[in-house]
Amino acid sequence: MSEAMEVEVLSEDVHANAETACEFLRSIAHPYRLIIMCLLIKRDYTVSELCHALGEDSRQSVVSQHLSRLRQENMVEANRDGNLMRYTLKHPAARPILAAIHGQFCTLPAKERI
C-alpha cells in the first residue's frame, strides 16, 4: 500500500496575495488598457497622445474611460501640466509584470507565441 503524501496547507497570506494578483490582472485585461500601461512604461502621456499612439480607431472618450478605470484601481495617476493632464504608471508591480508580458508577447512574431 502506498504511503499518503503530506500536502501543504496554504496560509491566508497566500490566498490574499493571489486575490491581489487577480485584481491587478483584471485591471489590465483589456487590449486598450494593456497597451496604455505598456506605453506608460516609456514616458508620461496625455489622453491625446495616447489616442494618437493607439491609432485612428481610438476615440478620446474611450481612452478616457480606460484611464479612469486604471486610476480608480491605482494603476496610473494623473498629474497636471499646465492645461494638460499627464498620465504615469503608479502601481509598483506594473513595470516588471509588463516587462514580462512584453518579453513573451511583443518580441516574437504572432505565429511563434504561445
# chains A, B, ... in the order shown; residues from 1 in each chain; ligands from 1
$ select_by_dssp --residues "range 17-80 of chain A" --states "strand (DSSP E)" --output "ChimeraX atom specification"
/A:76-80
$ residues_around --residues "Leu40 in chain A" --least-positions-apart "6" --cutoff "8 Å" --atoms "only C-alpha atoms" --output "PyMOL selection string"
chain A and resi 87-89
$ write_last_selection --atoms "C-alpha atoms" --output "mmCIF file, in the first residue's frame"
data_model
loop_
_atom_site.group_PDB
_atom_site.id
_atom_site.type_symbol
_atom_site.label_atom_id
_atom_site.label_comp_id
_atom_site.auth_asym_id
_atom_site.auth_seq_id
_atom_site.Cartn_x
_atom_site.Cartn_y
_atom_site.Cartn_z
ATOM 1 C CA TYR A 87 -0.697 60.067 -17.028
ATOM 2 C CA THR A 88 2.049 57.986 -15.455
ATOM 3 C CA LEU A 89 2.374 54.488 -14.002
#
$ residues_around --residues "Arg33 in chain A" --least-positions-apart "2" --cutoff "10 Å" --atoms "only C-alpha atoms" --output "PyMOL selection string"
chain A and resi 27-31+35-39+63+65-67+69-70
$ atom_distance --atom1 "CA of Ser61 in chain A" --atom2 "CA of Ser48 in chain A"
10.3 Å
$ select_by_dssp --residues "chain A" --states "helix (DSSP H, G or I)" --output "mmCIF file with N, CA and C atoms, in the first residue's frame"
data_model
loop_
_atom_site.group_PDB
_atom_site.id
_atom_site.type_symbol
_atom_site.label_atom_id
_atom_site.label_comp_id
_atom_site.auth_asym_id
_atom_site.auth_seq_id
_atom_site.Cartn_x
_atom_site.Cartn_y
_atom_site.Cartn_z
ATOM 1 N N GLU A 12 -3.220 32.106 4.894
ATOM 2 C CA GLU A 12 -4.146 33.169 4.475
ATOM 3 C C GLU A 12 -3.429 34.207 3.622
ATOM 4 N N ASP A 13 -2.137 34.439 3.898
ATOM 5 C CA ASP A 13 -1.360 35.397 3.104
ATOM 6 C C ASP A 13 -1.291 34.966 1.645
ATOM 7 N N VAL A 14 -1.133 33.682 1.396
ATOM 8 C CA VAL A 14 -1.058 33.191 0.028
ATOM 9 C C VAL A 14 -2.379 33.476 -0.691
ATOM 10 N N HIS A 15 -3.479 33.231 -0.013
ATOM 11 C CA HIS A 15 -4.790 33.487 -0.615
ATOM 12 C C HIS A 15 -4.991 34.987 -0.864
ATOM 13 N N ALA A 16 -4.592 35.806 0.092
ATOM 14 C CA ALA A 16 -4.728 37.260 -0.062
ATOM 15 C C ALA A 16 -3.848 37.761 -1.206
ATOM 16 N N ASN A 17 -2.630 37.244 -1.308
ATOM 17 C CA ASN A 17 -1.727 37.650 -2.388
ATOM 18 C C ASN A 17 -2.266 37.216 -3.745
ATOM 19 N N ALA A 18 -2.873 36.045 -3.794
ATOM 20 C CA ALA A 18 -3.472 35.579 -5.051
ATOM 21 C C ALA A 18 -4.616 36.495 -5.467
ATOM 22 N N GLU A 19 -5.420 36.934 -4.510
ATOM 23 C CA GLU A 19 -6.523 37.852 -4.823
ATOM 24 C C GLU A 19 -5.986 39.189 -5.331
ATOM 25 N N THR A 20 -4.918 39.687 -4.712
ATOM 26 C CA THR A 20 -4.295 40.930 -5.155
ATOM 27 C C THR A 20 -3.767 40.795 -6.578
ATOM 28 N N ALA A 21 -3.119 39.668 -6.873
ATOM 29 C CA ALA A 21 -2.602 39.428 -8.225
ATOM 30 C C ALA A 21 -3.743 39.371 -9.236
ATOM 31 N N CYS A 22 -4.851 38.724 -8.867
ATOM 32 C CA CYS A 22 -6.007 38.644 -9.768
ATOM 33 C C CYS A 22 -6.598 40.030 -10.025
ATOM 34 N N GLU A 23 -6.661 40.867 -9.001
ATOM 35 C CA GLU A 23 -7.161 42.230 -9.179
ATOM 36 C C GLU A 23 -6.266 43.002 -10.146
ATOM 37 N N PHE A 24 -4.950 42.841 -9.996
ATOM 38 C CA PHE A 24 -4.011 43.506 -10.895
ATOM 39 C C PHE A 24 -4.261 43.054 -12.334
ATOM 40 N N LEU A 25 -4.355 41.748 -12.530
ATOM 41 C CA LEU A 25 -4.535 41.214 -13.883
ATOM 42 C C LEU A 25 -5.875 41.623 -14.488
ATOM 43 N N ARG A 26 -6.932 41.689 -13.675
ATOM 44 C CA ARG A 26 -8.231 42.156 -14.179
ATOM 45 C C ARG A 26 -8.135 43.611 -14.639
ATOM 46 N N SER A 27 -7.322 44.390 -13.940
ATOM 47 C CA SER A 27 -7.171 45.806 -14.285
ATOM 48 C C SER A 27 -6.604 46.010 -15.679
ATOM 49 N N PRO A 31 -7.377 44.978 -24.182
ATOM 50 C CA PRO A 31 -6.284 45.403 -25.070
ATOM 51 C C PRO A 31 -5.894 46.877 -24.930
ATOM 52 N N TYR A 32 -6.851 47.781 -24.859
ATOM 53 C CA TYR A 32 -6.503 49.205 -24.714
ATOM 54 C C TYR A 32 -5.778 49.467 -23.392
ATOM 55 N N ARG A 33 -6.292 48.903 -22.295
ATOM 56 C CA ARG A 33 -5.647 49.151 -21.001
ATOM 57 C C ARG A 33 -4.237 48.563 -20.979
ATOM 58 N N LEU A 34 -4.062 47.405 -21.558
ATOM 59 C CA LEU A 34 -2.734 46.795 -21.595
ATOM 60 C C LEU A 34 -1.776 47.641 -22.432
ATOM 61 N N ILE A 35 -2.226 48.099 -23.588
ATOM 62 C CA ILE A 35 -1.377 48.937 -24.435
ATOM 63 C C ILE A 35 -1.061 50.261 -23.735
ATOM 64 N N ILE A 36 -2.055 50.862 -23.103
ATOM 65 C CA ILE A 36 -1.826 52.116 -22.365
ATOM 66 C C ILE A 36 -0.751 51.905 -21.309
ATOM 67 N N MET A 37 -0.873 50.827 -20.539
ATOM 68 C CA MET A 37 0.115 50.556 -19.492
ATOM 69 C C MET A 37 1.503 50.350 -20.098
ATOM 70 N N CYS A 38 1.574 49.630 -21.212
ATOM 71 C CA CYS A 38 2.872 49.413 -21.869
ATOM 72 C C CYS A 38 3.475 50.724 -22.367
ATOM 73 N N LEU A 39 2.639 51.599 -22.919
ATOM 74 C CA LEU A 39 3.137 52.897 -23.366
ATOM 75 C C LEU A 39 3.664 53.723 -22.198
ATOM 76 N N LEU A 40 2.979 53.651 -21.070
ATOM 77 C CA LEU A 40 3.366 54.462 -19.913
ATOM 78 C C LEU A 40 4.664 53.987 -19.254
ATOM 79 N N ILE A 41 5.139 52.805 -19.628
ATOM 80 C CA ILE A 41 6.453 52.361 -19.126
ATOM 81 C C ILE A 41 7.531 53.309 -19.642
ATOM 82 N N LYS A 42 7.362 53.756 -20.895
ATOM 83 C CA LYS A 42 8.392 54.553 -21.550
ATOM 84 C C LYS A 42 8.398 56.006 -21.102
ATOM 85 N N VAL A 47 -4.002 62.276 -22.815
ATOM 86 C CA VAL A 47 -5.046 61.496 -23.478
ATOM 87 C C VAL A 47 -4.897 61.595 -24.995
ATOM 88 N N SER A 48 -4.657 62.796 -25.493
ATOM 89 C CA SER A 48 -4.498 62.987 -26.946
ATOM 90 C C SER A 48 -3.333 62.178 -27.492
ATOM 91 N N GLU A 49 -2.220 62.175 -26.776
ATOM 92 C CA GLU A 49 -1.056 61.401 -27.218
ATOM 93 C C GLU A 49 -1.360 59.907 -27.209
ATOM 94 N N LEU A 50 -2.088 59.446 -26.204
ATOM 95 C CA LEU A 50 -2.466 58.035 -26.153
ATOM 96 C C LEU A 50 -3.386 57.673 -27.308
ATOM 97 N N CYS A 51 -4.342 58.549 -27.607
ATOM 98 C CA CYS A 51 -5.247 58.315 -28.748
ATOM 99 C C CYS A 51 -4.444 58.184 -30.036
ATOM 100 N N HIS A 52 -3.504 59.079 -30.232
ATOM 101 C CA HIS A 52 -2.668 59.043 -31.435
ATOM 102 C C HIS A 52 -1.863 57.741 -31.490
ATOM 103 N N ALA A 53 -1.273 57.345 -30.362
ATOM 104 C CA ALA A 53 -0.461 56.126 -30.310
ATOM 105 C C ALA A 53 -1.309 54.879 -30.549
ATOM 106 N N LEU A 54 -2.554 54.884 -30.052
ATOM 107 C CA LEU A 54 -3.434 53.726 -30.195
ATOM 108 C C LEU A 54 -3.986 53.580 -31.607
ATOM 109 N N GLN A 60 -11.207 59.633 -28.022
ATOM 110 C CA GLN A 60 -10.760 60.211 -26.758
ATOM 111 C C GLN A 60 -11.653 59.772 -25.600
ATOM 112 N N SER A 61 -12.950 59.668 -25.821
ATOM 113 C CA SER A 61 -13.853 59.272 -24.738
ATOM 114 C C SER A 61 -13.572 57.837 -24.283
ATOM 115 N N VAL A 62 -13.254 56.961 -25.227
ATOM 116 C CA VAL A 62 -12.961 55.565 -24.877
ATOM 117 C C VAL A 62 -11.646 55.483 -24.102
ATOM 118 N N VAL A 63 -10.625 56.172 -24.579
ATOM 119 C CA VAL A 63 -9.331 56.176 -23.891
ATOM 120 C C VAL A 63 -9.485 56.772 -22.494
ATOM 121 N N SER A 64 -10.264 57.838 -22.370
ATOM 122 C CA SER A 64 -10.505 58.455 -21.061
ATOM 123 C C SER A 64 -11.207 57.487 -20.104
ATOM 124 N N GLN A 65 -12.145 56.701 -20.620
ATOM 125 C CA GLN A 65 -12.832 55.713 -19.776
ATOM 126 C C GLN A 65 -11.849 54.667 -19.258
ATOM 127 N N HIS A 66 -10.961 54.199 -20.125
ATOM 128 C CA HIS A 66 -9.970 53.210 -19.689
ATOM 129 C C HIS A 66 -8.995 53.819 -18.685
ATOM 130 N N LEU A 67 -8.586 55.052 -18.919
ATOM 131 C CA LEU A 67 -7.709 55.733 -17.963
ATOM 132 C C LEU A 67 -8.403 55.931 -16.622
ATOM 133 N N SER A 68 -9.682 56.231 -16.659
ATOM 134 C CA SER A 68 -10.448 56.400 -15.429
ATOM 135 C C SER A 68 -10.449 55.108 -14.615
ATOM 136 N N ARG A 69 -10.676 54.001 -15.290
ATOM 137 C CA ARG A 69 -10.660 52.716 -14.579
ATOM 138 C C ARG A 69 -9.274 52.433 -14.012
ATOM 139 N N LEU A 70 -8.233 52.682 -14.801
ATOM 140 C CA LEU A 70 -6.873 52.457 -14.325
ATOM 141 C C LEU A 70 -6.545 53.358 -13.135
ATOM 142 N N ARG A 71 -7.065 54.578 -13.135
ATOM 143 C CA ARG A 71 -6.869 55.483 -11.994
ATOM 144 C C ARG A 71 -7.602 54.967 -10.759
ATOM 145 N N GLN A 72 -8.846 54.531 -10.936
ATOM 146 C CA GLN A 72 -9.629 54.009 -9.812
ATOM 147 C C GLN A 72 -8.951 52.810 -9.167
ATOM 148 N N ALA A 94 3.797 47.192 -11.661
ATOM 149 C CA ALA A 94 3.460 47.312 -13.082
ATOM 150 C C ALA A 94 4.663 47.096 -14.001
ATOM 151 N N ARG A 95 5.761 47.755 -13.741
ATOM 152 C CA ARG A 95 6.902 47.670 -14.667
ATOM 153 C C ARG A 95 7.421 46.245 -14.849
ATOM 154 N N PRO A 96 7.734 45.518 -13.780
ATOM 155 C CA PRO A 96 8.262 44.165 -14.014
ATOM 156 C C PRO A 96 7.241 43.209 -14.641
ATOM 157 N N ILE A 97 5.978 43.344 -14.279
ATOM 158 C CA ILE A 97 4.959 42.463 -14.859
ATOM 159 C C ILE A 97 4.761 42.779 -16.330
ATOM 160 N N LEU A 98 4.676 44.057 -16.663
ATOM 161 C CA LEU A 98 4.512 44.452 -18.061
ATOM 162 C C LEU A 98 5.745 44.105 -18.884
ATOM 163 N N ALA A 99 6.918 44.175 -18.274
ATOM 164 C CA ALA A 99 8.142 43.774 -18.976
ATOM 165 C C ALA A 99 8.097 42.284 -19.311
ATOM 166 N N ALA A 100 7.596 41.470 -18.394
ATOM 167 C CA ALA A 100 7.470 40.029 -18.653
ATOM 168 C C ALA A 100 6.461 39.767 -19.768
ATOM 169 N N ILE A 101 5.336 40.473 -19.740
ATOM 170 C CA ILE A 101 4.327 40.333 -20.799
ATOM 171 C C ILE A 101 4.923 40.757 -22.135
ATOM 172 N N HIS A 102 5.641 41.865 -22.137
ATOM 173 C CA HIS A 102 6.280 42.360 -23.361
ATOM 174 C C HIS A 102 7.258 41.317 -23.900
ATOM 175 N N GLY A 103 8.074 40.759 -23.031
ATOM 176 C CA GLY A 103 9.052 39.761 -23.456
ATOM 177 C C GLY A 103 8.413 38.524 -24.068
ATOM 178 N N GLN A 104 7.269 38.144 -23.543
ATOM 179 C CA GLN A 104 6.595 36.950 -24.043
ATOM 180 C C GLN A 104 5.776 37.204 -25.306
ATOM 181 N N PHE A 105 5.102 38.327 -25.377
ATOM 182 C CA PHE A 105 4.127 38.540 -26.441
ATOM 183 C C PHE A 105 4.497 39.596 -27.476
ATOM 184 N N ALA A 110 3.671 36.702 -34.297
ATOM 185 C CA ALA A 110 2.404 36.158 -33.794
ATOM 186 C C ALA A 110 2.351 34.640 -33.878
ATOM 187 N N LYS A 111 2.876 34.038 -34.918
ATOM 188 C CA LYS A 111 2.773 32.588 -35.092
ATOM 189 C C LYS A 111 3.642 31.820 -34.092
ATOM 190 N N GLU A 112 4.629 32.479 -33.444
ATOM 191 C CA GLU A 112 5.510 31.802 -32.512
ATOM 192 C C GLU A 112 5.094 31.962 -31.055
#
